[in-house]
Amino acid sequence: MLITIPNVLGAEEVAQIRAKLDAAEWVSGKVTAGYQAQRVKTNEQILEGSPLHTELGEAVLKALARTPMFMSAALPLRVFPPMFNRYAGGGKFGTHVDTAIRSVVPSGQRIRSDVSATLFLSSPEEYEGGELIVEDTYGEHSVKLPAGHMVLYPATSLHRVEPVTRGARVSSFFWIQSMIRSDGDRTMLYDLDRSIQQLAVEVPESPIGVKLTGVYHNLLRRWADL
Ligand code: NI
């Protein structure tokens with residue numbers, strides 16, 4: 001499932017984060033890439049574990065915690081501390097799949113990447129190119145969102161970022177270990193949750209809604225890894 005979550009950050013929050021990032025020191029993005037990805041990745045990142053990374057990562061985590069659509073779609077068990085990258089001057093990230101298991105700096109805690117996330121921090125007018133292209137069995141999907149909006153997609157997908165030929169594309173990116181490892185199972189739970197929410201609006205206090213809520217929780221109980 002590829003899903004867009006609007007307004008994870010408000011315009012003022014985006015502006016505050018961008019002011020800090022635009023004044024920050026950036027390092028080569030190759031530092032966090034595996035062997036295959038290093039050869040196709042030409043972008044810059046904020047150093048993992050630096051004070052700015054920690055501060056801004058926590059701001060993103062706080063925003064995720066107040067976003068019900070993120071909770072419902074990702075069913076997060078652990079979230080990798082959000083990182084920040086910038087593509088400019090032809091910078092790109094060729095086709096790759098994200099590393100399956102990552103260690104958090106400095107705790108060393110390991111996180112399995114089930115869901116990949118990109119939170120856009122530049123508005124589409126600020127740059128040319130830079131589309132996130134995600135491949136699935138239905139073909140390729142091109143994603144370029146307003147600042148403050150986020151895309152979630154299965155970490156199992158091949159994906160790339162097209163070259164940025166004008167301006168700069170700044171974003172936050174991270175991974176989620178979900179309580180539900182399978183994308184197919186997670187998608188069904190998300191669809192069920194959304195249907196229950198919709199039913200609650202259209203037919204308030206419906207006994208069917210109570211039954212479906214029971215089914216939702218019982219599936220979650222059956223499938224969740226904690
Ligand atoms: Ni990637």
# chains A, B, ... in the order shown; residues from 1 in each chain; ligands from 1
>>> residues_near_ligand(ligand="ligand 1", cutoff="10 Å", atoms="only C-alpha atoms and all ligand atoms", output="tab-separated table (two decimals) with N, CA, C and O atoms, in the first residue's frame")
chain	number	residue	atom	x	y	z
A	33	ALA	N	24.34	4.52	3.43
A	33	ALA	CA	23.88	3.62	2.37
A	33	ALA	C	24.67	2.31	2.40
A	33	ALA	O	25.85	2.29	2.73
A	37	ALA	N	23.52	0.58	-2.65
A	37	ALA	CA	22.91	1.91	-2.68
A	37	ALA	C	23.96	3.01	-2.80
A	37	ALA	O	23.72	4.03	-3.45
A	41	LYS	N	23.71	6.69	-5.09
A	41	LYS	CA	23.16	7.74	-4.22
A	41	LYS	C	24.07	8.97	-4.23
A	41	LYS	O	25.23	8.89	-3.85
A	93	PHE	N	18.95	9.50	-6.31
A	93	PHE	CA	19.16	8.21	-5.65
A	93	PHE	C	18.57	7.17	-6.59
A	93	PHE	O	17.36	7.08	-6.75
A	94	GLY	N	19.46	6.42	-7.27
A	94	GLY	CA	19.02	5.44	-8.25
A	94	GLY	C	18.24	4.30	-7.61
A	94	GLY	O	18.11	4.22	-6.38
A	95	THR	N	17.71	3.42	-8.44
A	95	THR	CA	16.83	2.34	-7.98
A	95	THR	C	17.52	1.46	-6.93
A	95	THR	O	18.63	1.01	-7.13
A	96	HIS	N	16.83	1.24	-5.82
A	96	HIS	CA	17.37	0.42	-4.73
A	96	HIS	C	16.22	-0.07	-3.86
A	96	HIS	O	15.08	0.39	-4.00
A	97	VAL	N	16.54	-0.99	-2.96
A	97	VAL	CA	15.58	-1.39	-1.94
A	97	VAL	C	16.22	-1.03	-0.61
A	97	VAL	O	17.44	-1.11	-0.45
A	98	ASP	N	15.43	-0.56	0.36
A	98	ASP	CA	16.00	-0.12	1.63
A	98	ASP	C	16.53	-1.30	2.44
A	98	ASP	O	15.98	-2.41	2.38
A	99	THR	N	17.58	-1.03	3.22
A	99	THR	CA	18.19	-2.04	4.09
A	99	THR	C	17.12	-2.62	5.03
A	99	THR	O	16.33	-1.86	5.59
A	116	SER	N	8.50	2.36	4.62
A	116	SER	CA	9.39	3.51	4.38
A	116	SER	C	8.55	4.78	4.33
A	116	SER	O	7.42	4.75	3.82
A	117	ALA	N	9.12	5.87	4.86
A	117	ALA	CA	8.38	7.13	4.90
A	117	ALA	C	9.24	8.27	4.37
A	117	ALA	O	10.43	8.33	4.65
A	118	THR	N	8.62	9.15	3.61
A	118	THR	CA	9.25	10.41	3.20
A	118	THR	C	8.30	11.54	3.55
A	118	THR	O	7.14	11.54	3.11
A	132	LEU	N	9.81	10.99	-6.20
A	132	LEU	CA	10.05	9.65	-5.64
A	132	LEU	C	9.26	8.68	-6.52
A	132	LEU	O	8.04	8.83	-6.66
A	134	VAL	N	8.12	4.87	-6.97
A	134	VAL	CA	8.00	3.59	-6.25
A	134	VAL	C	7.42	2.56	-7.20
A	134	VAL	O	6.39	2.81	-7.84
A	155	ALA	N	8.54	-1.01	2.50
A	155	ALA	CA	10.00	-0.94	2.42
A	155	ALA	C	10.56	-2.03	1.50
A	155	ALA	O	11.72	-1.98	1.12
A	156	THR	N	9.73	-2.97	1.15
A	156	THR	CA	10.14	-4.04	0.23
A	156	THR	C	10.19	-3.56	-1.22
A	156	THR	O	10.68	-4.28	-2.09
A	157	SER	N	9.68	-2.35	-1.50
A	157	SER	CA	9.56	-1.87	-2.89
A	157	SER	C	10.89	-1.36	-3.43
A	157	SER	O	11.63	-0.68	-2.73
A	158	LEU	N	11.14	-1.63	-4.73
A	158	LEU	CA	12.22	-0.92	-5.42
A	158	LEU	C	11.75	0.52	-5.60
A	158	LEU	O	10.58	0.75	-5.94
A	159	HIS	N	12.66	1.48	-5.38
A	159	HIS	CA	12.28	2.88	-5.55
A	159	HIS	C	13.51	3.71	-5.87
A	159	HIS	O	14.65	3.24	-5.74
A	160	ARG	N	13.27	4.94	-6.32
A	160	ARG	CA	14.38	5.84	-6.65
A	160	ARG	C	13.91	7.29	-6.49
A	160	ARG	O	12.70	7.54	-6.41
A	161	VAL	N	14.87	8.20	-6.45
A	161	VAL	CA	14.56	9.64	-6.48
A	161	VAL	C	15.20	10.20	-7.74
A	161	VAL	O	16.41	10.06	-7.96
A	173	PHE	N	13.24	11.46	6.13
A	173	PHE	CA	12.97	10.08	5.70
A	173	PHE	C	13.29	9.15	6.86
A	173	PHE	O	14.17	9.43	7.68
A	174	PHE	N	12.53	8.07	6.94
A	174	PHE	CA	12.73	7.13	8.05
A	174	PHE	C	11.96	5.85	7.78
A	174	PHE	O	11.26	5.74	6.76
A	175	TRP	N	12.10	4.91	8.69
A	175	TRP	CA	11.48	3.60	8.50
A	175	TRP	C	10.70	3.24	9.76
A	175	TRP	O	11.00	3.72	10.85
>>> closest_atom_pairs(of="stretch 128-182 of chain A", to="stretch 12-31 of chain A", cutoff="10 Å", atoms="only C-alpha atoms", output="CSV")
residue,atom,partner,partner_atom,distance
A:Ala147,CA,A:Val14,CA,7.0
A:Gly148,CA,A:Val14,CA,6.3
A:Val170,CA,A:Arg18,CA,8.2
A:Ser171,CA,A:Arg18,CA,9.3
>>> atom_distance(atom1="atom CA of A:Arg66", atom2="atom CA of A:Lys144")
23.1 Å
>>> select_by_dssp(residues="chain A", states="strand (DSSP E or B)", output="mmCIF file with N, CA, C and O atoms, in the first residue's frame")
data_model
loop_
_atom_site.group_PDB
_atom_site.id
_atom_site.type_symbol
_atom_site.label_atom_id
_atom_site.label_comp_id
_atom_site.auth_asym_id
_atom_site.auth_seq_id
_atom_site.Cartn_x
_atom_site.Cartn_y
_atom_site.Cartn_z
ATOM 1 N N ILE A 3 0.496 5.245 0.456
ATOM 2 C CA ILE A 3 -0.529 6.139 0.993
ATOM 3 C C ILE A 3 0.069 7.512 1.293
ATOM 4 O O ILE A 3 1.197 7.613 1.789
ATOM 5 N N THR A 4 -0.704 8.540 0.975
ATOM 6 C CA THR A 4 -0.286 9.918 1.230
ATOM 7 C C THR A 4 -1.005 10.425 2.478
ATOM 8 O O THR A 4 -2.223 10.281 2.586
ATOM 9 N N ILE A 5 -0.258 11.004 3.387
ATOM 10 C CA ILE A 5 -0.850 11.556 4.604
ATOM 11 C C ILE A 5 -0.637 13.073 4.585
ATOM 12 O O ILE A 5 0.501 13.542 4.688
ATOM 13 N N VAL A 27 26.321 16.433 5.197
ATOM 14 C CA VAL A 27 27.389 15.479 4.848
ATOM 15 C C VAL A 27 26.893 14.596 3.693
ATOM 16 O O VAL A 27 25.688 14.557 3.405
ATOM 17 N N SER A 28 27.813 13.886 3.064
ATOM 18 C CA SER A 28 27.425 13.018 1.952
ATOM 19 C C SER A 28 26.436 11.947 2.415
ATOM 20 O O SER A 28 26.622 11.334 3.470
ATOM 21 N N LYS A 41 23.711 6.692 -5.088
ATOM 22 C CA LYS A 41 23.165 7.739 -4.223
ATOM 23 C C LYS A 41 24.067 8.973 -4.229
ATOM 24 O O LYS A 41 25.234 8.893 -3.846
ATOM 25 N N THR A 42 23.530 10.119 -4.676
ATOM 26 C CA THR A 42 24.294 11.372 -4.635
ATOM 27 C C THR A 42 23.425 12.459 -4.008
ATOM 28 O O THR A 42 22.839 13.272 -4.701
ATOM 29 N N GLU A 44 22.752 14.657 0.089
ATOM 30 C CA GLU A 44 23.404 15.051 1.345
ATOM 31 C C GLU A 44 22.445 14.790 2.502
ATOM 32 O O GLU A 44 21.227 14.783 2.314
ATOM 33 N N GLN A 45 23.017 14.602 3.680
ATOM 34 C CA GLN A 45 22.203 14.338 4.866
ATOM 35 C C GLN A 45 22.734 15.123 6.063
ATOM 36 O O GLN A 45 23.883 15.547 6.073
ATOM 37 N N PRO A 76 2.668 1.284 14.006
ATOM 38 C CA PRO A 76 4.091 1.254 14.357
ATOM 39 C C PRO A 76 4.397 0.531 15.668
ATOM 40 O O PRO A 76 3.675 0.694 16.654
ATOM 41 N N LEU A 77 5.450 -0.266 15.645
ATOM 42 C CA LEU A 77 6.008 -0.818 16.880
ATOM 43 C C LEU A 77 7.210 0.042 17.275
ATOM 44 O O LEU A 77 7.329 0.461 18.418
ATOM 45 N N ARG A 78 8.099 0.284 16.304
ATOM 46 C CA ARG A 78 9.253 1.164 16.531
ATOM 47 C C ARG A 78 9.424 2.050 15.314
ATOM 48 O O ARG A 78 9.207 1.602 14.187
ATOM 49 N N VAL A 79 9.827 3.295 15.556
ATOM 50 C CA VAL A 79 10.095 4.222 14.456
ATOM 51 C C VAL A 79 11.575 4.598 14.513
ATOM 52 O O VAL A 79 12.080 4.986 15.571
ATOM 53 N N MET A 83 15.487 10.977 9.771
ATOM 54 C CA MET A 83 16.694 11.596 9.237
ATOM 55 C C MET A 83 16.273 12.667 8.224
ATOM 56 O O MET A 83 15.091 12.767 7.882
ATOM 57 N N PHE A 84 17.263 13.427 7.742
ATOM 58 C CA PHE A 84 16.959 14.566 6.852
ATOM 59 C C PHE A 84 17.928 14.544 5.679
ATOM 60 O O PHE A 84 19.135 14.346 5.876
ATOM 61 N N ASN A 85 17.384 14.729 4.473
ATOM 62 C CA ASN A 85 18.273 14.761 3.312
ATOM 63 C C ASN A 85 17.930 15.906 2.379
ATOM 64 O O ASN A 85 16.877 16.544 2.498
ATOM 65 N N ARG A 86 18.886 16.161 1.460
ATOM 66 C CA ARG A 86 18.733 17.262 0.508
ATOM 67 C C ARG A 86 19.306 16.814 -0.824
ATOM 68 O O ARG A 86 20.419 16.267 -0.879
ATOM 69 N N TYR A 87 18.533 17.017 -1.875
ATOM 70 C CA TYR A 87 18.985 16.738 -3.229
ATOM 71 C C TYR A 87 19.041 18.071 -3.969
ATOM 72 O O TYR A 87 18.062 18.820 -3.957
ATOM 73 N N ALA A 88 20.204 18.352 -4.612
ATOM 74 C CA ALA A 88 20.356 19.576 -5.411
ATOM 75 C C ALA A 88 21.429 19.314 -6.461
ATOM 76 O O ALA A 88 22.163 18.320 -6.368
ATOM 77 N N LYS A 92 20.638 12.652 -6.937
ATOM 78 C CA LYS A 92 19.592 11.647 -7.160
ATOM 79 C C LYS A 92 19.884 10.432 -6.302
ATOM 80 O O LYS A 92 20.942 10.348 -5.671
ATOM 81 N N PHE A 93 18.949 9.502 -6.313
ATOM 82 C CA PHE A 93 19.158 8.213 -5.653
ATOM 83 C C PHE A 93 18.572 7.172 -6.593
ATOM 84 O O PHE A 93 17.356 7.078 -6.752
ATOM 85 N N GLY A 94 19.457 6.419 -7.266
ATOM 86 C CA GLY A 94 19.020 5.438 -8.249
ATOM 87 C C GLY A 94 18.237 4.297 -7.612
ATOM 88 O O GLY A 94 18.108 4.219 -6.379
ATOM 89 N N THR A 95 17.711 3.418 -8.443
ATOM 90 C CA THR A 95 16.827 2.340 -7.981
ATOM 91 C C THR A 95 17.521 1.456 -6.930
ATOM 92 O O THR A 95 18.632 1.008 -7.125
ATOM 93 N N HIS A 96 16.828 1.244 -5.824
ATOM 94 C CA HIS A 96 17.373 0.420 -4.730
ATOM 95 C C HIS A 96 16.218 -0.066 -3.861
ATOM 96 O O HIS A 96 15.080 0.389 -4.001
ATOM 97 N N ILE A 101 17.364 -4.386 7.984
ATOM 98 C CA ILE A 101 17.542 -4.210 9.434
ATOM 99 C C ILE A 101 18.508 -3.052 9.639
ATOM 100 O O ILE A 101 19.591 -3.044 9.062
ATOM 101 N N ARG A 102 18.116 -2.094 10.469
ATOM 102 C CA ARG A 102 18.991 -0.943 10.714
ATOM 103 C C ARG A 102 19.213 -0.804 12.217
ATOM 104 O O ARG A 102 18.329 -1.130 13.012
ATOM 105 N N SER A 103 20.386 -0.292 12.587
ATOM 106 C CA SER A 103 20.681 -0.039 13.997
ATOM 107 C C SER A 103 20.542 1.446 14.260
ATOM 108 O O SER A 103 20.997 2.276 13.469
ATOM 109 N N ARG A 110 18.035 -2.490 17.171
ATOM 110 C CA ARG A 110 17.789 -2.837 15.776
ATOM 111 C C ARG A 110 16.310 -2.694 15.427
ATOM 112 O O ARG A 110 15.447 -3.015 16.230
ATOM 113 N N ILE A 111 16.079 -2.178 14.232
ATOM 114 C CA ILE A 111 14.719 -1.967 13.742
ATOM 115 C C ILE A 111 14.599 -2.625 12.377
ATOM 116 O O ILE A 111 15.460 -2.436 11.516
ATOM 117 N N ARG A 112 13.546 -3.416 12.210
ATOM 118 C CA ARG A 112 13.282 -4.001 10.892
ATOM 119 C C ARG A 112 12.469 -2.987 10.093
ATOM 120 O O ARG A 112 11.457 -2.490 10.582
ATOM 121 N N VAL A 115 7.999 -0.430 6.687
ATOM 122 C CA VAL A 115 7.370 0.691 5.975
ATOM 123 C C VAL A 115 8.427 1.786 5.809
ATOM 124 O O VAL A 115 9.159 2.084 6.766
ATOM 125 N N SER A 116 8.505 2.365 4.616
ATOM 126 C CA SER A 116 9.393 3.509 4.378
ATOM 127 C C SER A 116 8.548 4.777 4.333
ATOM 128 O O SER A 116 7.422 4.748 3.825
ATOM 129 N N ALA A 117 9.120 5.866 4.858
ATOM 130 C CA ALA A 117 8.381 7.127 4.904
ATOM 131 C C ALA A 117 9.235 8.269 4.372
ATOM 132 O O ALA A 117 10.435 8.328 4.652
ATOM 133 N N THR A 118 8.623 9.152 3.606
ATOM 134 C CA THR A 118 9.255 10.410 3.203
ATOM 135 C C THR A 118 8.296 11.540 3.548
ATOM 136 O O THR A 118 7.142 11.537 3.114
ATOM 137 N N LEU A 119 8.783 12.475 4.358
ATOM 138 C CA LEU A 119 8.008 13.670 4.733
ATOM 139 C C LEU A 119 8.628 14.843 3.983
ATOM 140 O O LEU A 119 9.794 15.190 4.215
ATOM 141 N N PHE A 120 7.865 15.423 3.069
ATOM 142 C CA PHE A 120 8.397 16.493 2.214
ATOM 143 C C PHE A 120 8.515 17.805 3.001
ATOM 144 O O PHE A 120 7.577 18.192 3.698
ATOM 145 N N TYR A 127 11.632 23.223 -6.611
ATOM 146 C CA TYR A 127 12.642 22.423 -7.317
ATOM 147 C C TYR A 127 12.030 21.715 -8.529
ATOM 148 O O TYR A 127 10.810 21.515 -8.605
ATOM 149 N N GLU A 128 12.934 21.365 -9.434
ATOM 150 C CA GLU A 128 12.558 20.635 -10.650
ATOM 151 C C GLU A 128 13.089 19.206 -10.498
ATOM 152 O O GLU A 128 14.209 19.032 -9.999
ATOM 153 N N GLY A 129 12.305 18.209 -10.912
ATOM 154 C CA GLY A 129 12.742 16.805 -10.752
ATOM 155 C C GLY A 129 12.480 16.367 -9.319
ATOM 156 O O GLY A 129 11.595 16.900 -8.640
ATOM 157 N N LEU A 132 9.810 10.990 -6.205
ATOM 158 C CA LEU A 132 10.046 9.654 -5.644
ATOM 159 C C LEU A 132 9.260 8.678 -6.517
ATOM 160 O O LEU A 132 8.041 8.830 -6.661
ATOM 161 N N ILE A 133 9.957 7.710 -7.114
ATOM 162 C CA ILE A 133 9.289 6.734 -7.974
ATOM 163 C C ILE A 133 9.304 5.391 -7.247
ATOM 164 O O ILE A 133 10.383 4.877 -6.920
ATOM 165 N N VAL A 134 8.116 4.865 -6.965
ATOM 166 C CA VAL A 134 8.003 3.591 -6.248
ATOM 167 C C VAL A 134 7.421 2.559 -7.201
ATOM 168 O O VAL A 134 6.389 2.807 -7.844
ATOM 169 N N GLU A 135 8.086 1.409 -7.292
ATOM 170 C CA GLU A 135 7.602 0.339 -8.186
ATOM 171 C C GLU A 135 6.812 -0.679 -7.379
ATOM 172 O O GLU A 135 7.196 -1.029 -6.273
ATOM 173 N N ASP A 136 5.696 -1.125 -7.948
ATOM 174 C CA ASP A 136 5.018 -2.294 -7.382
ATOM 175 C C ASP A 136 4.496 -3.136 -8.541
ATOM 176 O O ASP A 136 4.821 -2.858 -9.697
ATOM 177 N N GLY A 139 3.005 -1.353 -11.500
ATOM 178 C CA GLY A 139 3.791 -0.392 -12.268
ATOM 179 C C GLY A 139 4.498 0.600 -11.371
ATOM 180 O O GLY A 139 4.770 0.314 -10.199
ATOM 181 N N GLU A 140 4.789 1.789 -11.923
ATOM 182 C CA GLU A 140 5.544 2.799 -11.184
ATOM 183 C C GLU A 140 4.619 3.925 -10.724
ATOM 184 O O GLU A 140 3.717 4.330 -11.445
ATOM 185 N N HIS A 141 4.857 4.409 -9.525
ATOM 186 C CA HIS A 141 4.076 5.514 -8.974
ATOM 187 C C HIS A 141 5.018 6.667 -8.707
ATOM 188 O O HIS A 141 6.060 6.483 -8.086
ATOM 189 N N SER A 142 4.647 7.856 -9.177
ATOM 190 C CA SER A 142 5.483 9.041 -9.017
ATOM 191 C C SER A 142 4.896 9.901 -7.905
ATOM 192 O O SER A 142 3.703 10.215 -7.918
ATOM 193 N N VAL A 143 5.733 10.273 -6.941
ATOM 194 C CA VAL A 143 5.243 11.007 -5.770
ATOM 195 C C VAL A 143 6.037 12.302 -5.585
ATOM 196 O O VAL A 143 7.267 12.269 -5.501
ATOM 197 N N MET A 150 3.255 13.637 3.746
ATOM 198 C CA MET A 150 4.135 12.468 3.868
ATOM 199 C C MET A 150 3.607 11.309 3.017
ATOM 200 O O MET A 150 2.397 11.151 2.855
ATOM 201 N N VAL A 151 4.528 10.512 2.496
ATOM 202 C CA VAL A 151 4.126 9.280 1.815
ATOM 203 C C VAL A 151 4.675 8.092 2.595
ATOM 204 O O VAL A 151 5.795 8.138 3.113
ATOM 205 N N LEU A 152 3.849 7.045 2.706
ATOM 206 C CA LEU A 152 4.279 5.764 3.268
ATOM 207 C C LEU A 152 4.196 4.733 2.152
ATOM 208 O O LEU A 152 3.221 4.731 1.388
ATOM 209 N N TYR A 153 5.188 3.848 2.063
ATOM 210 C CA TYR A 153 5.150 2.769 1.067
ATOM 211 C C TYR A 153 5.896 1.570 1.631
ATOM 212 O O TYR A 153 6.710 1.709 2.550
ATOM 213 N N PRO A 154 5.622 0.374 1.086
ATOM 214 C CA PRO A 154 6.268 -0.813 1.655
ATOM 215 C C PRO A 154 7.786 -0.740 1.455
ATOM 216 O O PRO A 154 8.249 -0.451 0.351
ATOM 217 N N HIS A 159 12.662 1.480 -5.377
ATOM 218 C CA HIS A 159 12.277 2.882 -5.547
ATOM 219 C C HIS A 159 13.509 3.709 -5.875
ATOM 220 O O HIS A 159 14.646 3.244 -5.735
ATOM 221 N N ARG A 160 13.273 4.935 -6.322
ATOM 222 C CA ARG A 160 14.378 5.843 -6.654
ATOM 223 C C ARG A 160 13.906 7.286 -6.489
ATOM 224 O O ARG A 160 12.700 7.539 -6.406
ATOM 225 N N VAL A 161 14.875 8.203 -6.450
ATOM 226 C CA VAL A 161 14.558 9.636 -6.476
ATOM 227 C C VAL A 161 15.197 10.198 -7.738
ATOM 228 O O VAL A 161 16.410 10.059 -7.957
ATOM 229 N N VAL A 164 17.477 16.061 -9.206
ATOM 230 C CA VAL A 164 16.943 17.411 -8.981
ATOM 231 C C VAL A 164 17.775 18.377 -9.835
ATOM 232 O O VAL A 164 18.965 18.546 -9.606
ATOM 233 N N THR A 165 17.130 18.968 -10.838
ATOM 234 C CA THR A 165 17.863 19.760 -11.831
ATOM 235 C C THR A 165 17.783 21.266 -11.558
ATOM 236 O O THR A 165 18.473 22.045 -12.189
ATOM 237 N N ARG A 166 16.906 21.674 -10.645
ATOM 238 C CA ARG A 166 16.831 23.092 -10.240
ATOM 239 C C ARG A 166 16.383 23.148 -8.793
ATOM 240 O O ARG A 166 15.534 22.352 -8.376
ATOM 241 N N GLY A 167 16.958 24.073 -8.012
ATOM 242 C CA GLY A 167 16.551 24.240 -6.622
ATOM 243 C C GLY A 167 16.997 23.057 -5.766
ATOM 244 O O GLY A 167 17.902 22.305 -6.141
ATOM 245 N N ALA A 168 16.351 22.900 -4.614
ATOM 246 C CA ALA A 168 16.729 21.835 -3.687
ATOM 247 C C ALA A 168 15.478 21.154 -3.140
ATOM 248 O O ALA A 168 14.472 21.809 -2.864
ATOM 249 N N ARG A 169 15.587 19.843 -3.007
ATOM 250 C CA ARG A 169 14.492 19.047 -2.434
ATOM 251 C C ARG A 169 14.948 18.586 -1.056
ATOM 252 O O ARG A 169 15.873 17.790 -0.922
ATOM 253 N N VAL A 170 14.312 19.120 -0.027
ATOM 254 C CA VAL A 170 14.665 18.779 1.356
ATOM 255 C C VAL A 170 13.534 17.933 1.927
ATOM 256 O O VAL A 170 12.355 18.235 1.726
ATOM 257 N N SER A 171 13.894 16.843 2.613
ATOM 258 C CA SER A 171 12.843 16.015 3.208
ATOM 259 C C SER A 171 13.364 15.295 4.439
ATOM 260 O O SER A 171 14.565 15.260 4.699
ATOM 261 N N SER A 172 12.424 14.733 5.176
ATOM 262 C CA SER A 172 12.771 13.833 6.267
ATOM 263 C C SER A 172 12.419 12.433 5.788
ATOM 264 O O SER A 172 11.408 12.245 5.097
ATOM 265 N N PHE A 173 13.243 11.462 6.126
ATOM 266 C CA PHE A 173 12.971 10.083 5.699
ATOM 267 C C PHE A 173 13.286 9.151 6.860
ATOM 268 O O PHE A 173 14.167 9.428 7.678
ATOM 269 N N PHE A 174 12.532 8.074 6.944
ATOM 270 C CA PHE A 174 12.732 7.127 8.054
ATOM 271 C C PHE A 174 11.958 5.847 7.776
ATOM 272 O O PHE A 174 11.263 5.741 6.758
ATOM 273 N N TRP A 175 12.103 4.912 8.686
ATOM 274 C CA TRP A 175 11.480 3.596 8.502
ATOM 275 C C TRP A 175 10.697 3.242 9.756
ATOM 276 O O TRP A 175 11.004 3.718 10.846
ATOM 277 N N ILE A 176 9.729 2.373 9.558
ATOM 278 C CA ILE A 176 8.894 1.942 10.667
ATOM 279 C C ILE A 176 8.919 0.422 10.734
ATOM 280 O O ILE A 176 8.729 -0.247 9.707
ATOM 281 N N GLN A 177 9.167 -0.105 11.932
ATOM 282 C CA GLN A 177 8.907 -1.530 12.158
ATOM 283 C C GLN A 177 7.471 -1.605 12.616
ATOM 284 O O GLN A 177 7.104 -1.052 13.651
ATOM 285 N N SER A 178 6.653 -2.280 11.828
ATOM 286 C CA SER A 178 5.227 -2.332 12.126
ATOM 287 C C SER A 178 4.917 -3.539 13.011
ATOM 288 O O SER A 178 5.618 -4.548 12.964
#
>>> select_by_dssp(residues="stretch 59-169 of chain A", states="alpha helix (DSSP H)", output="PyMOL selection string")
chain A and resi 59-65+68-74
>>> closest_residue(among="A:Pro106, A:Pro81, A:Gly90, A:Pro68", to="A:Glu162", atoms="only C-alpha atoms")
A:Gly90
>>> atom_distance(atom1="atom CA of A:Val104", atom2="atom CA of A:Val60")
16.1 Å
>>> atom_distance(atom1="atom CA of A:Gln109", atom2="atom CA of A:Leu220")
24.5 Å
>>> closest_residue(among="A:Leu47, A:Met69, A:Leu9, A:Met179", to="A:Thr32", atoms="only C-alpha atoms")
A:Leu47
>>> closest_residue(among="A:Pro146, A:Val105, A:Ala200, A:Tyr138", to="A:Leu121", atoms="only C-alpha atoms")
A:Pro146
